[in-house]
Amino acid sequence: MTTLATRRRPEMPGGPAKTRPARRGGSTVGRPGFAWALPATIFFALFALVPLAAVAVLSFTSWSGLGDPKFVGLANWETLIADPVMLKSLWLSLLFIVLGVVTQTPLSILLGVWAAGNQKNRAVLSAIYFIPLLLSSAAISVLWRALLDPNFGIPGQLPWLFGDGNLLGNQAGAIGVLIFVGMWQFTPFHTLIYQGAARGIPKVLYQAAEIDGAGTVRQFFAITLPQLKNTAITSIILMVVGGLTTFETVLILTNGGPGTDTTITAFYMYQEAFQSFDFGVGSAIALVLVVVATAISLVVVKVSGYDKMNSSLEGL
């Protein structure tokens, strides 16, 4: 009969070696210091915080782009508060955000989960579907402007479906076109995010579900969707920021029209600053955008409980 001898660590002179007590809150091995974040912090300060501070200062001035800015106090803000177009642009921006999230999120999740599988020709079809990611917003807007031309585009060839073909001639049609073009352009990006997250779900969860007799649909709602919660929150926040900063699509497709029916806040800022040459009011509108985007993002994080979620994968 063979016995296994255990190796003992040699004792230090003066008694057994003492073990170092573990710190509360987990391991401290390999945790980077502040110096690791210093380059990114400097970059963020130079290209985000400093310009934001400059915009804040300009919002209290009157400046046409030439000469020196003149301090006017709260005059620009009083103008915005009394401006009906500004209030309408905020409501339109919120509408664009809601419609964008409602249309893009379900489609992105379904396509992302599908792209994470092992279906036949999946890689080829995914590559074709991701082509819009390679195009700029301006190029996409010009493309759809030509395709939706009421005389020579698709609507003009299908009067039984599109009527007179002038989809951009009324508010409902113009908003619908903008939402559709945004969905066509940005859904592949969010699909890519969900695809990576879906591939990270442990397969053992699905194997256990199969043993319990759960089908594909039940597995999707009981396993896949809960595991994609954090990813969905990140995706929605990106949609919020993207919806508030949409500009090229509105400029090329509708130019804010008909009338001011698609004049969202970002486009209104462009009109005031670069068409009316009132950079003081334009800067005030820019600050409003920053505040609204930050507030909505914080609400999403707070309501979802994202700020209280802990991860077992802390990285280096």
# chains A, B, ... in the order shown; residues from 1 in each chain; ligands from 1
$ residues_around --residues "A:Ile201" --least-positions-apart "2" --cutoff "9 Å" --atoms "only C-alpha atoms" --output "PyMOL selection string"
chain A and resi 197-199+203-205+223-224+227-228
$ write_last_selection --atoms "N, CA and C atoms" --output "compact mmCIF listing (two decimals), in the first residue's frame"
# COMPACT_ATOMS: atom_id res chain seq x y z
N ALA A 197 -21.82 39.76 -27.03
CA ALA A 197 -22.35 39.41 -25.72
C ALA A 197 -22.99 38.02 -25.73
N ALA A 198 -23.70 37.69 -26.80
CA ALA A 198 -24.34 36.38 -26.89
C ALA A 198 -23.32 35.25 -26.93
N ARG A 199 -22.19 35.49 -27.57
CA ARG A 199 -21.15 34.46 -27.61
C ARG A 199 -20.50 34.25 -26.25
N LYS A 203 -22.30 28.06 -22.31
CA LYS A 203 -23.11 27.04 -22.98
C LYS A 203 -23.74 26.08 -21.99
N VAL A 204 -23.14 25.97 -20.81
CA VAL A 204 -23.68 25.03 -19.82
C VAL A 204 -25.10 25.42 -19.43
N LEU A 205 -25.44 26.71 -19.51
CA LEU A 205 -26.80 27.13 -19.18
C LEU A 205 -27.81 26.55 -20.16
N ILE A 223 -32.92 32.56 -20.67
CA ILE A 223 -31.47 32.58 -20.52
C ILE A 223 -30.84 33.74 -21.30
N THR A 224 -31.12 33.79 -22.60
CA THR A 224 -30.43 34.75 -23.45
C THR A 224 -30.74 36.20 -23.07
N GLN A 227 -29.26 37.39 -19.74
CA GLN A 227 -27.81 37.51 -19.83
C GLN A 227 -27.37 38.72 -20.66
N LEU A 228 -28.26 39.24 -21.49
CA LEU A 228 -27.94 40.40 -22.33
C LEU A 228 -28.40 41.71 -21.71
$ residues_around --residues "stretch 112-114 of chain A" --least-positions-apart "6" --cutoff "8 Å" --atoms "only C-alpha atoms" --output "PDB file with N, CA and C atoms, in the first residue's frame"
ATOM      1  N   HIS A 190     -25.268  47.897 -33.382  1.00  0.00           N
ATOM      2  CA  HIS A 190     -25.779  47.319 -32.137  1.00  0.00           C
ATOM      3  C   HIS A 190     -25.879  45.798 -32.254  1.00  0.00           C
ATOM      4  N   THR A 191     -26.126  45.299 -33.456  1.00  0.00           N
ATOM      5  CA  THR A 191     -26.115  43.852 -33.662  1.00  0.00           C
ATOM      6  C   THR A 191     -24.745  43.274 -33.329  1.00  0.00           C
ATOM      7  N   LEU A 192     -23.702  43.976 -33.714  1.00  0.00           N
ATOM      8  CA  LEU A 192     -22.343  43.524 -33.423  1.00  0.00           C
ATOM      9  C   LEU A 192     -22.099  43.459 -31.922  1.00  0.00           C
ATOM     10  N   ILE A 193     -22.641  44.422 -31.176  1.00  0.00           N
ATOM     11  CA  ILE A 193     -22.491  44.414 -29.718  1.00  0.00           C
ATOM     12  C   ILE A 193     -23.202  43.201 -29.114  1.00  0.00           C
ATOM     13  N   TYR A 194     -24.443  42.960 -29.550  1.00  0.00           N
ATOM     14  CA  TYR A 194     -25.197  41.824 -29.013  1.00  0.00           C
ATOM     15  C   TYR A 194     -24.588  40.492 -29.451  1.00  0.00           C
ATOM     16  N   GLN A 195     -24.005  40.454 -30.625  1.00  0.00           N
ATOM     17  CA  GLN A 195     -23.369  39.224 -31.082  1.00  0.00           C
ATOM     18  C   GLN A 195     -22.219  38.834 -30.157  1.00  0.00           C
ATOM     19  N   GLY A 196     -21.373  39.814 -29.813  1.00  0.00           N
ATOM     20  CA  GLY A 196     -20.274  39.526 -28.894  1.00  0.00           C
ATOM     21  C   GLY A 196     -20.764  39.110 -27.525  1.00  0.00           C
ATOM     22  N   ALA A 198     -23.696  37.692 -26.804  1.00  0.00           N
ATOM     23  CA  ALA A 198     -24.345  36.383 -26.888  1.00  0.00           C
ATOM     24  C   ALA A 198     -23.317  35.251 -26.926  1.00  0.00           C
TER      25      ALA A 198
END
$ residues_around --residues "A:Ser304" --least-positions-apart "5" --cutoff "12 Å" --atoms "only C-alpha atoms" --output "short mmCIF file (atom, residue, chain, number, x, y, z; two decimals) with C-alpha atoms, in the first residue's frame"
data_model
loop_
_atom_site.label_atom_id
_atom_site.label_comp_id
_atom_site.auth_asym_id
_atom_site.auth_seq_id
_atom_site.Cartn_x
_atom_site.Cartn_y
_atom_site.Cartn_z
CA LYS A 229 -29.35 42.91 -19.84
CA ASN A 230 -26.10 44.81 -19.26
CA THR A 231 -25.41 44.88 -22.99
CA ALA A 232 -28.90 46.21 -23.69
CA ILE A 233 -28.40 49.07 -21.23
CA THR A 234 -25.11 50.02 -22.88
CA ILE A 236 -29.68 52.00 -25.25
CA ILE A 237 -27.40 54.67 -23.80
CA SER A 297 -28.31 58.37 -19.46
CA LEU A 298 -28.30 58.69 -15.67
CA VAL A 299 -32.01 57.85 -15.52
CA MET A 309 -24.27 45.50 -10.76
#
$ select_by_dssp --residues "stretch 30-213 of chain A" --states "alpha helix (DSSP H)" --output "VMD selection string"
chain A and resid 34 to 44 50 to 58 75 to 81 84 to 115 122 to 129 137 to 147 154 to 157 159 to 162 171 to 199 203 to 211
$ closest_residue --among "A:Val303, A:Ile296, A:Ile42, A:Val281" --to "A:Asn76" --atoms "only C-alpha atoms"
A:Val281
$ select_by_dssp --residues "stretch 58-123 of chain A" --states "strand (DSSP E)" --output "PyMOL selection string"
chain A and resi 61-62+70-71
$ closest_atom_pairs --of "stretch 113-201 of chain A" --to "stretch 239-258 of chain A" --cutoff "6 Å" --atoms "only C-alpha atoms" --output "tab-separated table"
residue	atom	partner	partner_atom	distance
A:Ala138	CA	A:Glu248	CA	5.8
A:Ser141	CA	A:Thr249	CA	5.4
A:Arg145	CA	A:Leu253	CA	5.8
$ write_last_selection --atoms "all heavy atoms" --output "PDB file, in the first residue's frame"
ATOM      1  N   ALA A 138     -23.373  60.890 -44.199  1.00  0.00           N
ATOM      2  CA  ALA A 138     -23.656  61.735 -45.354  1.00  0.00           C
ATOM      3  C   ALA A 138     -23.894  60.899 -46.603  1.00  0.00           C
ATOM      4  O   ALA A 138     -24.837  61.146 -47.371  1.00  0.00           O
ATOM      5  CB  ALA A 138     -22.505  62.716 -45.590  1.00  0.00           C
ATOM      6  N   SER A 141     -27.265  59.181 -46.365  1.00  0.00           N
ATOM      7  CA  SER A 141     -28.361  60.130 -46.552  1.00  0.00           C
ATOM      8  C   SER A 141     -28.540  60.481 -48.024  1.00  0.00           C
ATOM      9  O   SER A 141     -29.674  60.556 -48.524  1.00  0.00           O
ATOM     10  CB  SER A 141     -28.099  61.396 -45.736  1.00  0.00           C
ATOM     11  OG  SER A 141     -27.978  61.099 -44.357  1.00  0.00           O
ATOM     12  N   ARG A 145     -31.801  59.635 -50.186  1.00  0.00           N
ATOM     13  CA  ARG A 145     -32.452  60.780 -50.809  1.00  0.00           C
ATOM     14  C   ARG A 145     -32.758  60.488 -52.283  1.00  0.00           C
ATOM     15  O   ARG A 145     -33.834  60.825 -52.787  1.00  0.00           O
ATOM     16  CB  ARG A 145     -31.545  62.012 -50.702  1.00  0.00           C
ATOM     17  CG  ARG A 145     -32.103  63.269 -51.360  1.00  0.00           C
ATOM     18  CD  ARG A 145     -33.164  63.904 -50.521  1.00  0.00           C
ATOM     19  NE  ARG A 145     -33.731  65.092 -51.151  1.00  0.00           N
ATOM     20  CZ  ARG A 145     -34.598  65.905 -50.574  1.00  0.00           C
ATOM     21  NH1 ARG A 145     -35.013  65.679 -49.340  1.00  0.00           N
ATOM     22  NH2 ARG A 145     -35.076  66.943 -51.217  1.00  0.00           N
TER      23      ARG A 145
END
$ residues_around --residues "A:Val72" --least-positions-apart "2" --cutoff "12 Å" --atoms "only C-alpha atoms" --output "list in words"
Val57, Leu58, Ser59, Phe60, Thr61, Ser62, Trp63, Pro69, Lys70, Leu74, Ala75, Asn76, Trp77, Glu78, Thr79, Gly280 and Val281 of chain A
$ write_last_selection --atoms "N, CA and C atoms" --output "PDB file, in the first residue's frame"
ATOM      1  N   VAL A  57     -18.948  79.306 -21.645  1.00  0.00           N
ATOM      2  CA  VAL A  57     -18.648  80.738 -21.593  1.00  0.00           C
ATOM      3  C   VAL A  57     -19.332  81.469 -22.754  1.00  0.00           C
ATOM      4  N   LEU A  58     -19.286  80.876 -23.962  1.00  0.00           N
ATOM      5  CA  LEU A  58     -19.902  81.514 -25.134  1.00  0.00           C
ATOM      6  C   LEU A  58     -21.415  81.639 -24.993  1.00  0.00           C
ATOM      7  N   SER A  59     -22.033  80.744 -24.215  1.00  0.00           N
ATOM      8  CA  SER A  59     -23.488  80.793 -24.074  1.00  0.00           C
ATOM      9  C   SER A  59     -23.960  82.049 -23.349  1.00  0.00           C
ATOM     10  N   PHE A  60     -23.043  82.761 -22.704  1.00  0.00           N
ATOM     11  CA  PHE A  60     -23.398  84.007 -22.024  1.00  0.00           C
ATOM     12  C   PHE A  60     -22.908  85.226 -22.804  1.00  0.00           C
ATOM     13  N   THR A  61     -22.589  85.011 -24.077  1.00  0.00           N
ATOM     14  CA  THR A  61     -22.085  86.108 -24.896  1.00  0.00           C
ATOM     15  C   THR A  61     -22.878  86.222 -26.196  1.00  0.00           C
ATOM     16  N   SER A  62     -22.657  87.311 -26.893  1.00  0.00           N
ATOM     17  CA  SER A  62     -23.193  87.505 -28.241  1.00  0.00           C
ATOM     18  C   SER A  62     -22.005  87.551 -29.185  1.00  0.00           C
ATOM     19  N   TRP A  63     -21.963  86.620 -30.129  1.00  0.00           N
ATOM     20  CA  TRP A  63     -20.797  86.517 -31.008  1.00  0.00           C
ATOM     21  C   TRP A  63     -21.240  85.987 -32.362  1.00  0.00           C
ATOM     22  N   PRO A  69     -16.298  88.365 -28.612  1.00  0.00           N
ATOM     23  CA  PRO A  69     -17.615  88.099 -28.011  1.00  0.00           C
ATOM     24  C   PRO A  69     -17.971  89.180 -26.987  1.00  0.00           C
ATOM     25  N   LYS A  70     -19.258  89.522 -26.918  1.00  0.00           N
ATOM     26  CA  LYS A  70     -19.741  90.510 -25.968  1.00  0.00           C
ATOM     27  C   LYS A  70     -20.615  89.820 -24.927  1.00  0.00           C
ATOM     28  N   LEU A  74     -27.737  86.478 -19.201  1.00  0.00           N
ATOM     29  CA  LEU A  74     -28.704  85.401 -19.435  1.00  0.00           C
ATOM     30  C   LEU A  74     -29.613  85.668 -20.632  1.00  0.00           C
ATOM     31  N   ALA A  75     -29.250  86.603 -21.475  1.00  0.00           N
ATOM     32  CA  ALA A  75     -30.118  86.964 -22.601  1.00  0.00           C
ATOM     33  C   ALA A  75     -30.336  85.791 -23.553  1.00  0.00           C
ATOM     34  N   ASN A  76     -29.280  85.026 -23.829  1.00  0.00           N
ATOM     35  CA  ASN A  76     -29.424  83.880 -24.739  1.00  0.00           C
ATOM     36  C   ASN A  76     -30.354  82.827 -24.154  1.00  0.00           C
ATOM     37  N   TRP A  77     -30.243  82.600 -22.857  1.00  0.00           N
ATOM     38  CA  TRP A  77     -31.084  81.603 -22.214  1.00  0.00           C
ATOM     39  C   TRP A  77     -32.539  82.065 -22.158  1.00  0.00           C
ATOM     40  N   GLU A  78     -32.757  83.330 -21.938  1.00  0.00           N
ATOM     41  CA  GLU A  78     -34.120  83.853 -21.957  1.00  0.00           C
ATOM     42  C   GLU A  78     -34.734  83.731 -23.351  1.00  0.00           C
ATOM     43  N   THR A  79     -33.906  83.922 -24.373  1.00  0.00           N
ATOM     44  CA  THR A  79     -34.396  83.758 -25.742  1.00  0.00           C
ATOM     45  C   THR A  79     -34.828  82.329 -26.007  1.00  0.00           C
ATOM     46  N   GLY A 280     -23.694  82.531 -29.700  1.00  0.00           N
ATOM     47  CA  GLY A 280     -24.085  82.542 -28.296  1.00  0.00           C
ATOM     48  C   GLY A 280     -25.290  81.652 -28.054  1.00  0.00           C
ATOM     49  N   VAL A 281     -26.345  81.834 -28.867  1.00  0.00           N
ATOM     50  CA  VAL A 281     -27.533  80.987 -28.747  1.00  0.00           C
ATOM     51  C   VAL A 281     -27.199  79.545 -29.122  1.00  0.00           C
TER      52      VAL A 281
END
$ residues_around --residues "A:Leu80" --least-positions-apart "5" --cutoff "9 Å" --atoms "only C-alpha atoms" --output "list in words"
Ala75, Val85, Met86, Leu87, Val281, Ala284 and Ile285 of chain A
$ residues_around --residues "A:Leu148" --least-positions-apart "2" --cutoff "12 Å" --atoms "only C-alpha atoms" --output "PyMOL selection string"
chain A and resi 141-146+150-158+162+164-169+173-174+177-178+180-181+253-254
$ write_last_selection --atoms "N, CA, C and O atoms" --output "compact mmCIF listing (two decimals), in the first residue's frame"
# COMPACT_ATOMS: atom_id res chain seq x y z
N SER A 141 -27.26 59.18 -46.36
CA SER A 141 -28.36 60.13 -46.55
C SER A 141 -28.54 60.48 -48.02
O SER A 141 -29.67 60.56 -48.52
N VAL A 142 -27.43 60.70 -48.74
CA VAL A 142 -27.51 60.99 -50.17
C VAL A 142 -28.10 59.80 -50.92
O VAL A 142 -28.93 59.95 -51.84
N LEU A 143 -27.70 58.59 -50.52
CA LEU A 143 -28.22 57.37 -51.17
C LEU A 143 -29.73 57.27 -51.01
O LEU A 143 -30.46 57.08 -52.00
N TRP A 144 -30.22 57.43 -49.78
CA TRP A 144 -31.65 57.29 -49.55
C TRP A 144 -32.43 58.48 -50.09
O TRP A 144 -33.61 58.36 -50.44
N ARG A 145 -31.80 59.63 -50.19
CA ARG A 145 -32.45 60.78 -50.81
C ARG A 145 -32.76 60.49 -52.28
O ARG A 145 -33.83 60.83 -52.79
N ALA A 146 -31.82 59.82 -52.95
CA ALA A 146 -32.04 59.46 -54.36
C ALA A 146 -33.06 58.34 -54.48
O ALA A 146 -33.93 58.36 -55.36
N PRO A 150 -39.43 61.51 -55.16
CA PRO A 150 -40.83 61.29 -55.56
C PRO A 150 -41.03 61.12 -57.06
O PRO A 150 -42.06 60.58 -57.49
N ASN A 151 -40.07 61.56 -57.87
CA ASN A 151 -40.21 61.47 -59.32
C ASN A 151 -39.46 60.28 -59.91
O ASN A 151 -40.00 59.58 -60.77
N PHE A 152 -38.25 60.05 -59.47
CA PHE A 152 -37.42 59.03 -60.09
C PHE A 152 -37.06 57.89 -59.14
O PHE A 152 -36.43 56.93 -59.55
N GLY A 153 -37.45 58.00 -57.87
CA GLY A 153 -37.10 56.98 -56.90
C GLY A 153 -38.14 55.87 -56.81
O GLY A 153 -39.06 55.77 -57.63
N ILE A 154 -38.01 55.04 -55.78
CA ILE A 154 -38.89 53.90 -55.58
C ILE A 154 -40.34 54.33 -55.36
O ILE A 154 -41.26 53.75 -55.95
N PRO A 155 -40.64 55.35 -54.52
CA PRO A 155 -42.05 55.74 -54.33
C PRO A 155 -42.74 56.17 -55.61
O PRO A 155 -43.93 55.90 -55.80
N GLY A 156 -42.00 56.84 -56.52
CA GLY A 156 -42.61 57.27 -57.76
C GLY A 156 -42.97 56.13 -58.69
O GLY A 156 -43.87 56.26 -59.53
N GLN A 157 -42.30 54.98 -58.53
CA GLN A 157 -42.59 53.82 -59.36
C GLN A 157 -43.67 52.92 -58.77
O GLN A 157 -44.15 52.00 -59.43
N LEU A 158 -44.03 53.17 -57.52
CA LEU A 158 -45.05 52.35 -56.85
C LEU A 158 -46.15 53.26 -56.27
O LEU A 158 -46.31 53.35 -55.06
N PHE A 162 -47.29 54.07 -52.32
CA PHE A 162 -46.81 55.31 -51.69
C PHE A 162 -47.63 56.54 -52.08
O PHE A 162 -47.27 57.65 -51.72
N ASP A 164 -48.70 59.73 -53.79
CA ASP A 164 -48.00 60.67 -54.66
C ASP A 164 -46.49 60.51 -54.61
O ASP A 164 -45.76 61.14 -55.38
N GLY A 165 -45.99 59.68 -53.69
CA GLY A 165 -44.56 59.39 -53.62
C GLY A 165 -43.74 60.38 -52.83
O GLY A 165 -42.55 60.18 -52.61
N ASN A 166 -44.35 61.46 -52.37
CA ASN A 166 -43.61 62.48 -51.64
C ASN A 166 -43.63 62.15 -50.15
O ASN A 166 -44.38 62.75 -49.36
N LEU A 167 -42.80 61.21 -49.75
CA LEU A 167 -42.78 60.77 -48.36
C LEU A 167 -42.25 61.85 -47.42
O LEU A 167 -42.58 61.86 -46.23
N LEU A 168 -41.43 62.74 -47.94
CA LEU A 168 -40.84 63.78 -47.11
C LEU A 168 -41.67 65.06 -47.10
O LEU A 168 -41.24 66.06 -46.53
N GLY A 169 -42.85 65.02 -47.68
CA GLY A 169 -43.68 66.21 -47.76
C GLY A 169 -44.59 66.43 -46.58
O GLY A 169 -45.26 67.47 -46.51
N GLY A 173 -44.52 61.20 -42.60
CA GLY A 173 -43.68 60.52 -43.57
C GLY A 173 -42.21 60.86 -43.39
O GLY A 173 -41.34 59.98 -43.48
N ALA A 174 -41.90 62.14 -43.11
CA ALA A 174 -40.51 62.55 -42.93
C ALA A 174 -39.90 61.89 -41.70
O ALA A 174 -38.76 61.40 -41.74
N VAL A 177 -39.28 58.21 -42.42
CA VAL A 177 -38.09 58.00 -43.26
C VAL A 177 -36.82 58.14 -42.44
O VAL A 177 -35.89 57.33 -42.55
N LEU A 178 -36.76 59.16 -41.59
CA LEU A 178 -35.57 59.36 -40.77
C LEU A 178 -35.34 58.20 -39.81
O LEU A 178 -34.20 57.77 -39.60
N PHE A 180 -36.39 55.10 -40.24
CA PHE A 180 -36.02 53.93 -41.04
C PHE A 180 -34.56 54.00 -41.47
O PHE A 180 -33.82 53.01 -41.38
N VAL A 181 -34.11 55.17 -41.95
CA VAL A 181 -32.72 55.31 -42.39
C VAL A 181 -31.78 55.13 -41.21
O VAL A 181 -30.73 54.48 -41.33
N LEU A 253 -31.65 64.88 -45.82
CA LEU A 253 -32.93 64.31 -46.22
C LEU A 253 -34.08 65.30 -46.13
O LEU A 253 -34.91 65.39 -47.04
N THR A 254 -34.17 66.06 -45.04
CA THR A 254 -35.34 66.92 -44.84
C THR A 254 -35.00 68.39 -44.64
O THR A 254 -35.88 69.24 -44.76
$ atom_distance --atom1 "atom CA of A:Thr294" --atom2 "atom CA of A:Leu238"
11.5 Å
$ closest_residue --among "A:Ser64, A:Ala273, A:Pro51, A:Leu110" --to "A:Val217" --atoms "only C-alpha atoms"
A:Leu110
$ closest_residue --among "A:Phe221, A:Gly215, A:Thr260, A:Glu210" --to "A:Ile175" --atoms "only C-alpha atoms"
A:Thr260
$ atom_distance --atom1 "atom CA of A:Leu107" --atom2 "atom CA of A:Leu94"
20.3 Å
